file my_file-v7.cif (mmCIF, C-alpha atoms)
data_query
#
loop_
_atom_site.label_atom_id
_atom_site.label_comp_id
_atom_site.auth_asym_id
_atom_site.auth_seq_id
_atom_site.Cartn_x
_atom_site.Cartn_y
_atom_site.Cartn_z
CA MET A 1 0.72 233.27 -44.58
CA PRO A 2 2.19 229.71 -44.63
CA THR A 3 1.42 227.55 -41.63
CA THR A 4 2.61 224.22 -40.28
CA VAL A 5 -0.54 223.59 -38.25
CA ARG A 6 -3.16 221.33 -39.80
CA ARG A 7 -6.57 223.01 -39.85
CA SER A 8 -9.84 222.29 -41.61
CA ILE A 9 -13.39 223.59 -41.55
CA GLN A 10 -16.48 221.40 -41.82
CA ARG A 11 -19.92 222.58 -42.80
CA VAL A 12 -23.12 221.44 -44.47
CA VAL A 13 -24.06 223.05 -47.79
CA PRO A 14 -27.76 222.99 -48.87
CA ILE A 15 -28.00 222.58 -52.66
CA GLY A 16 -31.78 222.37 -53.13
CA ASP A 17 -33.75 219.60 -54.85
CA TYR A 18 -32.00 217.08 -57.07
CA GLN A 19 -33.39 214.59 -59.59
CA THR A 20 -31.41 211.34 -59.73
CA GLU A 21 -30.61 209.51 -62.96
CA SER A 22 -33.35 207.06 -62.00
CA GLY A 23 -35.85 209.94 -62.18
CA VAL A 24 -36.55 210.28 -58.45
CA TRP A 25 -36.52 213.77 -56.91
CA LEU A 26 -34.71 214.21 -53.60
CA LYS A 27 -35.91 217.26 -51.73
CA SER A 28 -33.62 219.73 -49.94
CA VAL A 29 -30.37 217.84 -50.51
CA LYS A 30 -27.50 218.68 -48.17
CA VAL A 31 -23.79 218.02 -48.65
CA LYS A 32 -21.21 217.67 -45.88
CA VAL A 33 -18.03 219.53 -46.85
CA GLU A 34 -14.56 219.84 -45.37
CA THR A 35 -12.20 222.57 -46.58
CA ALA A 36 -8.53 223.18 -45.82
CA GLY A 37 -6.43 226.08 -47.02
CA SER A 38 -7.80 229.21 -48.69
CA LEU A 39 -9.28 229.99 -52.07
CA ASN A 40 -7.01 232.52 -53.77
CA ASP A 41 -8.12 235.78 -55.37
CA SER A 42 -8.21 234.29 -58.86
CA LYS A 43 -10.17 231.28 -57.56
CA ASP A 44 -8.04 228.80 -59.48
CA ASN A 45 -6.33 226.82 -56.69
CA ALA A 46 -9.17 224.52 -55.57
CA ILE A 47 -8.63 220.75 -55.48
CA LEU A 48 -11.57 218.39 -54.99
CA ILE A 49 -10.95 215.12 -53.11
CA CYS A 50 -13.31 212.19 -53.77
CA HIS A 51 -13.53 209.48 -51.11
CA ALA A 52 -13.83 205.70 -51.39
CA LEU A 53 -16.66 203.36 -50.36
CA THR A 54 -16.52 203.82 -46.58
CA GLY A 55 -14.84 207.23 -46.61
CA ASP A 56 -16.28 210.62 -45.72
CA ALA A 57 -15.51 214.34 -45.97
CA HIS A 58 -12.85 214.15 -43.22
CA ALA A 59 -9.81 213.77 -45.50
CA VAL A 60 -7.54 216.42 -43.96
CA GLY A 61 -8.76 216.95 -40.41
CA ASP A 62 -6.74 218.85 -37.81
CA GLU A 63 -4.00 218.23 -35.26
CA GLU A 64 -6.40 216.60 -32.80
CA HIS A 65 -8.41 214.61 -35.33
CA PRO A 66 -6.31 213.81 -38.43
CA GLY A 67 -8.19 212.88 -41.58
CA TRP A 68 -8.00 209.66 -43.57
CA TRP A 69 -5.50 211.18 -46.06
CA GLU A 70 -3.61 213.33 -43.56
CA GLY A 71 -0.29 211.87 -44.70
CA LEU A 72 -0.89 213.08 -48.25
CA ILE A 73 -2.66 216.41 -47.70
CA GLY A 74 -1.74 219.21 -45.30
CA PRO A 75 0.53 222.21 -44.77
CA GLY A 76 3.77 221.49 -46.65
CA GLY A 77 2.35 218.11 -47.73
CA TYR A 78 2.34 216.47 -51.14
CA VAL A 79 -0.94 218.31 -51.63
CA ASP A 80 0.03 221.51 -49.86
CA THR A 81 -2.82 223.33 -48.13
CA ASN A 82 -0.62 226.41 -47.94
CA ARG A 83 -0.89 226.50 -51.72
CA TYR A 84 -4.18 224.80 -52.52
CA PHE A 85 -7.77 225.09 -51.30
CA VAL A 86 -8.66 221.44 -50.67
CA ILE A 87 -12.33 220.46 -50.69
CA THR A 88 -13.71 217.05 -49.68
CA MET A 89 -17.40 216.14 -49.84
CA ASN A 90 -19.33 213.20 -48.45
CA VAL A 91 -21.03 211.72 -51.53
CA LEU A 92 -24.75 211.58 -52.24
CA GLY A 93 -26.10 208.47 -50.50
CA GLY A 94 -23.53 208.79 -47.72
CA CYS A 95 -24.11 208.63 -43.97
CA ASN A 96 -21.77 211.30 -42.67
CA GLY A 97 -23.66 214.54 -43.22
CA THR A 98 -24.76 214.30 -46.86
CA THR A 99 -28.31 213.27 -47.79
CA GLY A 100 -28.54 209.47 -47.77
CA PRO A 101 -30.74 206.56 -46.63
CA SER A 102 -30.40 207.46 -42.95
CA SER A 103 -31.38 211.12 -43.56
CA VAL A 104 -34.84 212.36 -42.66
CA GLU A 105 -37.13 212.58 -45.69
CA PRO A 106 -38.68 216.09 -45.61
CA GLU A 107 -42.12 214.91 -46.75
CA THR A 108 -42.52 212.20 -44.09
CA GLY A 109 -40.32 213.35 -41.21
CA SER A 110 -38.84 209.83 -41.05
CA PRO A 111 -35.56 208.39 -42.32
CA TYR A 112 -35.65 207.36 -45.99
CA GLY A 113 -34.58 203.79 -45.34
CA SER A 114 -35.81 201.55 -48.17
CA ARG A 115 -37.40 204.57 -49.91
CA PHE A 116 -34.04 206.10 -50.75
CA PRO A 117 -33.52 205.82 -54.52
CA SER A 118 -30.61 204.18 -56.27
CA VAL A 119 -27.88 206.65 -57.11
CA THR A 120 -25.06 206.48 -59.64
CA ILE A 121 -21.48 207.68 -59.72
CA ARG A 122 -22.68 210.36 -62.12
CA ASP A 123 -25.34 211.46 -59.63
CA MET A 124 -22.60 211.92 -57.04
CA VAL A 125 -20.58 214.08 -59.44
CA HIS A 126 -23.58 216.21 -60.43
CA VAL A 127 -24.29 216.87 -56.74
CA GLN A 128 -20.65 217.79 -56.10
CA ASN A 129 -20.77 220.19 -59.05
CA ARG A 130 -23.93 221.83 -57.67
CA CYS A 131 -22.24 222.14 -54.27
CA LEU A 132 -19.24 223.90 -55.79
CA ASP A 133 -21.61 226.38 -57.42
CA LYS A 134 -23.13 227.13 -54.02
CA MET A 135 -19.65 227.57 -52.56
CA GLY A 136 -18.61 230.00 -55.29
CA VAL A 137 -15.85 227.74 -56.63
CA GLU A 138 -15.79 228.22 -60.39
CA SER A 139 -12.91 225.99 -61.47
CA LEU A 140 -10.80 223.15 -60.14
CA ALA A 141 -7.03 222.88 -60.36
CA ALA A 142 -7.48 219.14 -59.90
CA VAL A 143 -9.84 216.35 -58.87
CA MET A 144 -8.25 213.42 -57.03
CA GLY A 145 -9.52 210.21 -55.48
CA GLY A 146 -8.94 206.48 -55.10
CA SER A 147 -11.10 203.39 -55.62
CA MET A 148 -14.74 204.54 -55.85
CA GLY A 149 -13.37 208.07 -55.59
CA GLY A 150 -11.31 207.43 -58.71
CA MET A 151 -14.50 206.55 -60.57
CA LEU A 152 -15.82 210.00 -59.66
CA VAL A 153 -12.57 211.59 -60.82
CA LEU A 154 -12.89 210.12 -64.33
CA GLU A 155 -16.54 211.15 -64.53
CA TRP A 156 -15.57 214.68 -63.55
CA GLY A 157 -13.22 214.77 -66.52
CA ILE A 158 -16.10 213.95 -68.86
CA LEU A 159 -19.18 215.56 -67.31
CA TYR A 160 -17.48 218.85 -66.49
CA ALA A 161 -14.45 218.85 -68.77
CA ASP A 162 -14.26 222.66 -68.89
CA ARG A 163 -14.15 222.98 -65.11
CA VAL A 164 -11.16 220.74 -64.33
CA GLN A 165 -7.48 221.25 -65.16
CA LYS A 166 -6.01 217.99 -63.88
CA LEU A 167 -7.29 214.53 -62.96
CA ILE A 168 -5.64 212.10 -60.54
CA PRO A 169 -7.54 208.77 -60.49
CA ILE A 170 -5.89 206.22 -58.19
CA ALA A 171 -6.44 202.44 -57.97
CA THR A 172 -9.64 202.64 -59.99
CA ALA A 173 -11.23 201.61 -63.27
CA ALA A 174 -13.83 202.39 -65.91
CA THR A 175 -15.88 199.42 -64.64
CA LEU A 176 -15.60 196.80 -61.93
CA THR A 177 -14.47 193.32 -62.93
CA PRO A 178 -16.87 190.38 -62.51
CA THR A 179 -14.69 189.20 -59.62
CA ALA A 180 -15.03 192.53 -57.82
CA ILE A 181 -18.80 192.47 -58.34
CA ALA A 182 -18.86 188.92 -56.96
CA TYR A 183 -17.04 189.95 -53.78
CA ASN A 184 -19.42 192.88 -53.41
CA ASP A 185 -22.46 190.67 -53.73
CA VAL A 186 -21.28 188.28 -51.04
CA GLY A 187 -21.01 191.30 -48.73
CA ARG A 188 -24.41 192.53 -49.89
CA GLN A 189 -26.05 189.17 -49.17
CA ALA A 190 -24.52 189.14 -45.68
CA ILE A 191 -26.35 192.40 -44.95
CA LEU A 192 -29.63 191.44 -46.64
CA SER A 193 -29.79 188.09 -44.82
CA ASP A 194 -29.32 189.65 -41.38
CA PRO A 195 -32.77 189.59 -39.66
CA ASP A 196 -32.08 193.06 -38.27
CA PHE A 197 -31.95 194.52 -41.78
CA MET A 198 -35.77 194.56 -41.84
CA GLY A 199 -35.96 195.41 -45.52
CA GLY A 200 -33.85 198.52 -44.95
CA ASP A 201 -36.31 200.15 -42.53
CA TYR A 202 -34.46 199.45 -39.29
CA TYR A 203 -34.22 203.04 -38.00
CA PRO A 204 -34.03 204.09 -35.19
CA GLY A 205 -32.57 200.68 -34.41
CA SER A 206 -28.92 199.81 -34.89
CA GLY A 207 -29.63 197.74 -38.00
CA PRO A 208 -27.85 194.66 -39.39
CA LEU A 209 -24.62 194.97 -37.44
CA LYS A 210 -23.60 191.33 -37.96
CA GLY A 211 -24.27 191.50 -41.69
CA LEU A 212 -22.38 194.76 -42.14
CA SER A 213 -19.49 193.45 -40.06
CA ILE A 214 -19.21 190.34 -42.26
CA ALA A 215 -19.40 192.50 -45.40
CA ARG A 216 -16.48 194.54 -44.10
CA MET A 217 -14.50 191.39 -43.32
CA ILE A 218 -14.96 190.24 -46.91
CA GLY A 219 -13.93 193.66 -48.16
CA MET A 220 -10.74 193.64 -46.09
CA ILE A 221 -9.67 190.38 -47.72
CA THR A 222 -9.88 192.07 -51.13
CA TYR A 223 -8.12 195.25 -49.96
CA ARG A 224 -4.92 193.54 -48.80
CA THR A 225 -2.61 190.83 -50.21
CA ALA A 226 -1.88 187.23 -49.30
CA GLU A 227 1.76 188.24 -48.84
CA LEU A 228 0.85 190.81 -46.18
CA PHE A 229 -1.41 188.38 -44.34
CA GLU A 230 1.33 185.74 -44.34
CA LYS A 231 3.92 188.24 -43.11
CA ARG A 232 1.72 189.74 -40.40
CA PHE A 233 -0.33 186.76 -39.20
CA SER A 234 0.85 183.53 -40.83
CA ARG A 235 -1.01 180.71 -39.00
CA ASN A 236 -0.47 182.19 -35.55
CA LEU A 237 -3.14 181.61 -32.96
CA GLN A 238 -4.64 184.42 -30.91
CA LYS A 239 -4.38 184.10 -27.14
CA SER A 240 -7.96 183.48 -26.15
CA ASN A 241 -10.13 181.92 -23.46
CA SER A 242 -12.35 180.49 -26.18
CA ARG A 243 -12.73 176.72 -26.37
CA GLU A 244 -12.15 176.95 -30.11
CA PRO A 245 -8.76 178.18 -31.37
CA VAL A 246 -8.86 181.61 -33.01
CA PHE A 247 -6.26 182.51 -35.61
CA GLU A 248 -4.80 186.01 -35.53
CA ILE A 249 -6.11 186.65 -39.05
CA GLU A 250 -9.62 185.79 -37.82
CA SER A 251 -9.28 188.15 -34.88
CA TYR A 252 -8.03 190.92 -37.19
CA LEU A 253 -10.93 190.59 -39.62
CA ARG A 254 -13.49 190.51 -36.78
CA TYR A 255 -11.93 193.64 -35.30
CA GLN A 256 -12.16 195.45 -38.65
CA GLY A 257 -15.79 194.39 -39.03
CA ASN A 258 -16.76 195.61 -35.58
CA LYS A 259 -14.87 198.84 -36.11
CA LEU A 260 -16.86 199.75 -39.22
CA VAL A 261 -20.32 199.18 -37.75
CA ASN A 262 -19.61 201.86 -35.14
CA ARG A 263 -19.29 204.57 -37.81
CA PHE A 264 -21.17 203.44 -40.92
CA ASP A 265 -24.72 202.74 -42.05
CA ALA A 266 -25.67 199.48 -43.77
CA ASN A 267 -28.08 201.12 -46.21
CA THR A 268 -25.35 203.50 -47.34
CA TYR A 269 -23.00 200.56 -47.79
CA LEU A 270 -25.55 198.87 -50.06
CA CYS A 271 -26.30 202.11 -51.93
CA LEU A 272 -22.67 202.85 -52.73
CA LEU A 273 -21.84 199.22 -53.55
CA ARG A 274 -24.59 199.22 -56.17
CA ALA A 275 -23.35 202.50 -57.59
CA MET A 276 -19.90 200.97 -58.04
CA ASP A 277 -21.21 197.68 -59.45
CA THR A 278 -23.36 199.37 -62.09
CA HIS A 279 -20.87 202.08 -63.03
CA ASP A 280 -19.59 202.05 -66.60
CA LEU A 281 -17.63 205.03 -67.89
CA SER A 282 -18.74 204.23 -71.45
CA ARG A 283 -22.48 204.01 -70.67
CA ASP A 284 -24.45 205.99 -73.30
CA ARG A 285 -21.14 207.18 -74.74
CA GLY A 286 -20.28 204.38 -77.15
CA SER A 287 -16.91 202.76 -76.44
CA LEU A 288 -14.42 203.47 -73.68
CA GLN A 289 -12.29 205.39 -76.17
CA GLN A 290 -15.25 207.51 -77.18
CA ALA A 291 -15.89 208.30 -73.53
CA LEU A 292 -12.26 209.19 -72.84
CA GLU A 293 -12.16 211.34 -75.98
CA GLN A 294 -14.23 213.90 -74.05
CA ILE A 295 -11.53 214.43 -71.40
CA ARG A 296 -9.60 217.67 -71.83
CA SER A 297 -7.64 217.63 -68.57
CA SER A 298 -4.11 216.39 -67.99
CA VAL A 299 -4.28 213.00 -66.28
CA LEU A 300 -2.03 211.23 -63.78
CA ILE A 301 -3.16 207.65 -63.26
CA ILE A 302 -1.75 205.71 -60.31
CA GLY A 303 -2.06 201.93 -60.10
CA ILE A 304 -0.94 199.24 -57.64
CA ARG A 305 0.47 196.06 -59.17
CA GLN A 306 -0.78 193.87 -56.31
CA ASP A 307 -4.33 195.30 -56.33
CA ARG A 308 -6.77 192.39 -56.57
CA LEU A 309 -9.89 194.61 -56.50
CA PHE A 310 -8.83 197.01 -59.28
CA PRO A 311 -6.16 195.05 -61.22
CA ILE A 312 -3.31 197.08 -62.69
CA ASP A 313 -4.39 196.15 -66.22
CA GLN A 314 -7.44 198.39 -65.75
CA GLN A 315 -5.30 201.47 -65.10
CA ARG A 316 -3.00 200.52 -67.98
CA GLU A 317 -5.99 200.28 -70.30
CA ILE A 318 -7.17 203.79 -69.42
CA HIS A 319 -3.67 205.24 -69.86
CA GLN A 320 -3.13 203.47 -73.17
CA SER A 321 -6.49 204.63 -74.48
CA LEU A 322 -5.81 208.23 -73.47
CA SER A 323 -2.36 208.09 -75.05
CA GLN A 324 -3.79 206.73 -78.30
CA LEU A 325 -6.17 209.69 -78.28
CA ASN A 326 -3.18 212.04 -77.89
CA LYS A 327 -4.36 213.11 -74.45
CA GLN A 328 -1.89 214.23 -71.79
CA SER A 329 -1.72 211.08 -69.67
CA GLN A 330 0.86 209.71 -67.26
CA LEU A 331 0.84 206.37 -65.48
CA GLN A 332 2.67 205.58 -62.25
CA GLU A 333 2.72 201.97 -61.09
CA ILE A 334 3.73 201.14 -57.54
CA THR A 335 4.47 197.84 -55.84
CA SER A 336 2.99 197.30 -52.39
CA GLU A 337 2.19 194.38 -50.13
CA TYR A 338 -0.80 196.44 -48.94
CA GLY A 339 -2.53 195.84 -52.27
CA HIS A 340 -5.55 198.06 -52.95
CA ASP A 341 -5.25 199.78 -49.57
CA ALA A 342 -1.82 201.14 -50.48
CA PHE A 343 -3.49 204.29 -51.80
CA LEU A 344 -4.54 205.07 -48.20
CA ILE A 345 -1.34 203.90 -46.51
CA GLU A 346 1.78 204.16 -48.65
CA TYR A 347 1.30 207.70 -49.88
CA ASN A 348 5.07 208.29 -49.74
CA ARG A 349 5.36 206.05 -52.79
CA PHE A 350 3.14 208.17 -55.00
CA GLY A 351 2.95 211.49 -53.15
CA PRO A 352 6.10 212.96 -54.77
CA ARG A 353 4.68 212.22 -58.25
CA ILE A 354 1.39 213.91 -57.31
CA ARG A 355 3.20 217.00 -56.03
CA GLN A 356 5.26 217.17 -59.22
CA PHE A 357 2.15 216.75 -61.38
CA LEU A 358 0.18 219.42 -59.52
CA ASN A 359 2.99 221.95 -59.54
CA SER A 360 4.08 221.41 -63.15
#

call {"tool": "encode", "arguments": {"input": "my_file-v7.cif", "output": "structure tokens"}}
result
Amino acid sequence: MPTTVRRSIQRVVPIGDYQTESGVWLKSVKVKVETAGSLNDSKDNAILICHALTGDAHAVGDEEHPGWWEGLIGPGGYVDTNRYFVITMNVLGGCNGTTGPSSVEPETGSPYGSRFPSVTIRDMVHVQNRCLDKMGVESLAAVMGGSMGGMLVLEWGILYADRVQKLIPIATAATLTPTAIAYNDVGRQAILSDPDFMGGDYYPGSGPLKGLSIARMIGMITYRTAELFEKRFSRNLQKSNSREPVFEIESYLRYQGNKLVNRFDANTYLCLLRAMDTHDLSRDRGSLQQALEQIRSSVLIIGIRQDRLFPIDQQREIHQSLSQLNKQSQLQEITSEYGHDAFLIEYNRFGPRIRQFLNS
């Protein structure tokens, strides 16, 4: 029966042992899952949501604790949980319930720390696929995600082409640009150079909080636009008792840095950054066109013209390649002063197109 009340269920799904692409076996892997809505009798209404770098499985949430995409997904929403069974998983390597660097290694009884292996975007997708098997979900009406999550979406369309009907990659690309990798490495070096990083084996301590905070500050600069910063902060000074003047933009970035360290693990940040940096949709598949040739799903690509992290040309390239291959591909471009972060904020600009695409 349709409802207007936002509800979700969170649980941990054990999927057994998993061998990463690097050849390392992870024992007794667990995946944190959030579900909203109900799986129908024909089991064909499931939608998988893939989160970005610092996201988690809490995409929908409930009335008391809304999720990070609560404006897009929910009862009567653009992704309607009265109609669809929405599944979100914390990725492999995460720090919010899925096996990652801060998890206890079964063999030693201690957190993995520096012993946690490198993982790839494809590893994350393979683990998600295994989790769906455990949950009894046989097919997906759609897979949707932005940024790093969009990388997973495209891999889903290739690795498990027969399992997915529709793909919605948002603000993403087949590979990161050199500029994006450069920004990521500055953040990485901030963490690695923090004395509290201790080679990654800082548990049970708090770890490199200063380094992670600075990494987040750098990230926030890439997520937004110069136009937004000028409009919101300009060169205004923050009221402060400090002897040195503090600009409002400085105060904002420091706030965002401190906010992240209260909910995220530095080793996970490094793990997922490396997965993004090294990801290449065409790896071991020839060219990008040869990789995209394997996609059988209908695709809706959404790009943001002001995105400095995933420039719009990258989404255009994927759409043009799919179109040349006679695949069913659509491209929606939006304009937003929020830049890359628009996919998390201005969902009203692309939500109607998603609803139309899903229901067509």

call {"tool": "residues_around", "arguments": {"input": "my_file-v7.cif", "residues": "A:Ile354", "least_positions_apart": "5", "cutoff": "8 Å", "atoms": "only C-alpha atoms", "output": "list of chain:residue names"}}
result
A:Tyr78, A:Val79, A:Ile168, A:Leu300

call {"tool": "closest_atom_pairs", "arguments": {"input": "my_file-v7.cif", "of": "stretch 210-297 of chain A", "to": "stretch 189-193 of chain A", "cutoff": "9 Å", "atoms": "all atoms listed in the file", "output": "tab-separated table"}}
result
residue	atom	partner	partner_atom	distance
A:Lys210	CA	A:Ile191	CA	7.6
A:Gly211	CA	A:Ile191	CA	4.0
A:Leu212	CA	A:Ile191	CA	5.4
A:Ser213	CA	A:Ile191	CA	8.5
A:Ile214	CA	A:Ala190	CA	6.4
A:Ala215	CA	A:Ala190	CA	6.1
A:Ala266	CA	A:Ile191	CA	7.2
A:Asn267	CA	A:Ile191	CA	9.0
A:Leu270	CA	A:Ile191	CA	8.3

call {"tool": "resolve_selection", "arguments": {"input": "my_file-v7.cif", "expression": "the PyMOL selection byres ((chain A and resi 113) around 6)", "output": "list in words"}}
result
Pro101, Pro111, Tyr112, Ser114, Arg115, Phe116, Gly200 and Asp201 of chain A

call {"tool": "resolve_selection", "arguments": {"input": "my_file-v7.cif", "expression": "the PyMOL selection byres ((chain A and resi 141) around 12)", "output": "ChimeraX atom specification"}}
result
/A:39-40,42-49,79,83-87,137-140,142-144,157,161-168,297-299,357-360

call {"tool": "residues_near_point", "arguments": {"input": "my_file-v7.cif", "point": "(-5.9, 213.6, -43.4)", "cutoff": "9 Å", "atoms": "all atoms listed in the file", "output": "MDAnalysis selection string"}}
result
chainID A and resid 6 58:62 65:74

call {"tool": "write_last_selection", "arguments": {"input": "my_file-v7.cif", "atoms": "C-alpha atoms", "output": "mmCIF file, in the coordinates of the input"}}
result
data_model
loop_
_atom_site.group_PDB
_atom_site.id
_atom_site.type_symbol
_atom_site.label_atom_id
_atom_site.label_comp_id
_atom_site.auth_asym_id
_atom_site.auth_seq_id
_atom_site.Cartn_x
_atom_site.Cartn_y
_atom_site.Cartn_z
ATOM 1 C CA ARG A 6 -3.160 221.330 -39.800
ATOM 2 C CA HIS A 58 -12.850 214.150 -43.220
ATOM 3 C CA ALA A 59 -9.810 213.770 -45.500
ATOM 4 C CA VAL A 60 -7.540 216.420 -43.960
ATOM 5 C CA GLY A 61 -8.760 216.950 -40.410
ATOM 6 C CA ASP A 62 -6.740 218.850 -37.810
ATOM 7 C CA HIS A 65 -8.410 214.610 -35.330
ATOM 8 C CA PRO A 66 -6.310 213.810 -38.430
ATOM 9 C CA GLY A 67 -8.190 212.880 -41.580
ATOM 10 C CA TRP A 68 -8.000 209.660 -43.570
ATOM 11 C CA TRP A 69 -5.500 211.180 -46.060
ATOM 12 C CA GLU A 70 -3.610 213.330 -43.560
ATOM 13 C CA GLY A 71 -0.290 211.870 -44.700
ATOM 14 C CA LEU A 72 -0.890 213.080 -48.250
ATOM 15 C CA ILE A 73 -2.660 216.410 -47.700
ATOM 16 C CA GLY A 74 -1.740 219.210 -45.300
#

call {"tool": "build_atoms", "arguments": {"input": "my_file-v7.cif", "residues": "stretch 269-293 of chain A", "atoms": "N, CA and C atoms", "output": "PDB file, keeping the file's coordinate frame"}}
result
ATOM      1  N   TYR A 269     -23.935 201.551 -47.246  1.00  0.00           N
ATOM      2  CA  TYR A 269     -23.000 200.560 -47.790  1.00  0.00           C
ATOM      3  C   TYR A 269     -23.606 199.896 -49.028  1.00  0.00           C
ATOM      4  N   LEU A 270     -24.873 199.500 -48.933  1.00  0.00           N
ATOM      5  CA  LEU A 270     -25.550 198.870 -50.060  1.00  0.00           C
ATOM      6  C   LEU A 270     -25.716 199.850 -51.228  1.00  0.00           C
ATOM      7  N   CYS A 271     -26.076 201.085 -50.909  1.00  0.00           N
ATOM      8  CA  CYS A 271     -26.300 202.110 -51.930  1.00  0.00           C
ATOM      9  C   CYS A 271     -25.030 202.366 -52.736  1.00  0.00           C
ATOM     10  N   LEU A 272     -23.916 202.527 -52.047  1.00  0.00           N
ATOM     11  CA  LEU A 272     -22.670 202.850 -52.730  1.00  0.00           C
ATOM     12  C   LEU A 272     -22.078 201.631 -53.438  1.00  0.00           C
ATOM     13  N   LEU A 273     -22.270 200.440 -52.858  1.00  0.00           N
ATOM     14  CA  LEU A 273     -21.840 199.220 -53.550  1.00  0.00           C
ATOM     15  C   LEU A 273     -22.527 199.099 -54.897  1.00  0.00           C
ATOM     16  N   ARG A 274     -23.838 199.336 -54.924  1.00  0.00           N
ATOM     17  CA  ARG A 274     -24.590 199.220 -56.170  1.00  0.00           C
ATOM     18  C   ARG A 274     -24.152 200.264 -57.176  1.00  0.00           C
ATOM     19  N   ALA A 275     -23.840 201.458 -56.692  1.00  0.00           N
ATOM     20  CA  ALA A 275     -23.350 202.500 -57.590  1.00  0.00           C
ATOM     21  C   ALA A 275     -22.039 202.082 -58.254  1.00  0.00           C
ATOM     22  N   MET A 276     -21.164 201.446 -57.481  1.00  0.00           N
ATOM     23  CA  MET A 276     -19.900 200.970 -58.040  1.00  0.00           C
ATOM     24  C   MET A 276     -20.122 199.812 -59.009  1.00  0.00           C
ATOM     25  N   ASP A 277     -20.959 198.858 -58.611  1.00  0.00           N
ATOM     26  CA  ASP A 277     -21.210 197.680 -59.450  1.00  0.00           C
ATOM     27  C   ASP A 277     -21.751 198.069 -60.818  1.00  0.00           C
ATOM     28  N   THR A 278     -22.668 199.018 -60.851  1.00  0.00           N
ATOM     29  CA  THR A 278     -23.360 199.370 -62.090  1.00  0.00           C
ATOM     30  C   THR A 278     -22.628 200.434 -62.902  1.00  0.00           C
ATOM     31  N   HIS A 279     -21.560 201.001 -62.326  1.00  0.00           N
ATOM     32  CA  HIS A 279     -20.870 202.080 -63.030  1.00  0.00           C
ATOM     33  C   HIS A 279     -20.148 201.579 -64.277  1.00  0.00           C
ATOM     34  N   ASP A 280     -20.287 202.333 -65.346  1.00  0.00           N
ATOM     35  CA  ASP A 280     -19.590 202.050 -66.600  1.00  0.00           C
ATOM     36  C   ASP A 280     -19.294 203.394 -67.252  1.00  0.00           C
ATOM     37  N   LEU A 281     -18.029 203.729 -67.350  1.00  0.00           N
ATOM     38  CA  LEU A 281     -17.630 205.030 -67.890  1.00  0.00           C
ATOM     39  C   LEU A 281     -18.140 205.227 -69.320  1.00  0.00           C
ATOM     40  N   SER A 282     -18.321 204.126 -70.052  1.00  0.00           N
ATOM     41  CA  SER A 282     -18.740 204.230 -71.450  1.00  0.00           C
ATOM     42  C   SER A 282     -20.257 204.199 -71.637  1.00  0.00           C
ATOM     43  N   ARG A 283     -21.026 204.084 -70.541  1.00  0.00           N
ATOM     44  CA  ARG A 283     -22.480 204.010 -70.670  1.00  0.00           C
ATOM     45  C   ARG A 283     -23.031 205.228 -71.412  1.00  0.00           C
ATOM     46  N   ASP A 284     -23.824 204.949 -72.459  1.00  0.00           N
ATOM     47  CA  ASP A 284     -24.450 205.990 -73.300  1.00  0.00           C
ATOM     48  C   ASP A 284     -23.422 206.880 -73.991  1.00  0.00           C
ATOM     49  N   ARG A 285     -22.191 206.396 -74.080  1.00  0.00           N
ATOM     50  CA  ARG A 285     -21.140 207.180 -74.740  1.00  0.00           C
ATOM     51  C   ARG A 285     -20.437 206.400 -75.832  1.00  0.00           C
ATOM     52  N   GLY A 286     -20.940 205.222 -76.165  1.00  0.00           N
ATOM     53  CA  GLY A 286     -20.280 204.380 -77.150  1.00  0.00           C
ATOM     54  C   GLY A 286     -19.234 203.511 -76.491  1.00  0.00           C
ATOM     55  N   SER A 287     -18.008 203.558 -76.971  1.00  0.00           N
ATOM     56  CA  SER A 287     -16.910 202.760 -76.440  1.00  0.00           C
ATOM     57  C   SER A 287     -16.175 203.514 -75.334  1.00  0.00           C
ATOM     58  N   LEU A 288     -15.241 202.818 -74.685  1.00  0.00           N
ATOM     59  CA  LEU A 288     -14.420 203.470 -73.680  1.00  0.00           C
ATOM     60  C   LEU A 288     -13.598 204.595 -74.313  1.00  0.00           C
ATOM     61  N   GLN A 289     -13.075 204.347 -75.497  1.00  0.00           N
ATOM     62  CA  GLN A 289     -12.290 205.390 -76.170  1.00  0.00           C
ATOM     63  C   GLN A 289     -13.141 206.611 -76.491  1.00  0.00           C
ATOM     64  N   GLN A 290     -14.369 206.385 -76.898  1.00  0.00           N
ATOM     65  CA  GLN A 290     -15.250 207.510 -77.180  1.00  0.00           C
ATOM     66  C   GLN A 290     -15.562 208.315 -75.915  1.00  0.00           C
ATOM     67  N   ALA A 291     -15.663 207.616 -74.797  1.00  0.00           N
ATOM     68  CA  ALA A 291     -15.890 208.300 -73.530  1.00  0.00           C
ATOM     69  C   ALA A 291     -14.666 209.129 -73.139  1.00  0.00           C
ATOM     70  N   LEU A 292     -13.482 208.511 -73.226  1.00  0.00           N
ATOM     71  CA  LEU A 292     -12.260 209.190 -72.840  1.00  0.00           C
ATOM     72  C   LEU A 292     -11.898 210.331 -73.781  1.00  0.00           C
ATOM     73  N   GLU A 293     -12.395 210.271 -75.006  1.00  0.00           N
ATOM     74  CA  GLU A 293     -12.160 211.340 -75.980  1.00  0.00           C
ATOM     75  C   GLU A 293     -12.638 212.690 -75.451  1.00  0.00           C
TER      76      GLU A 293
END
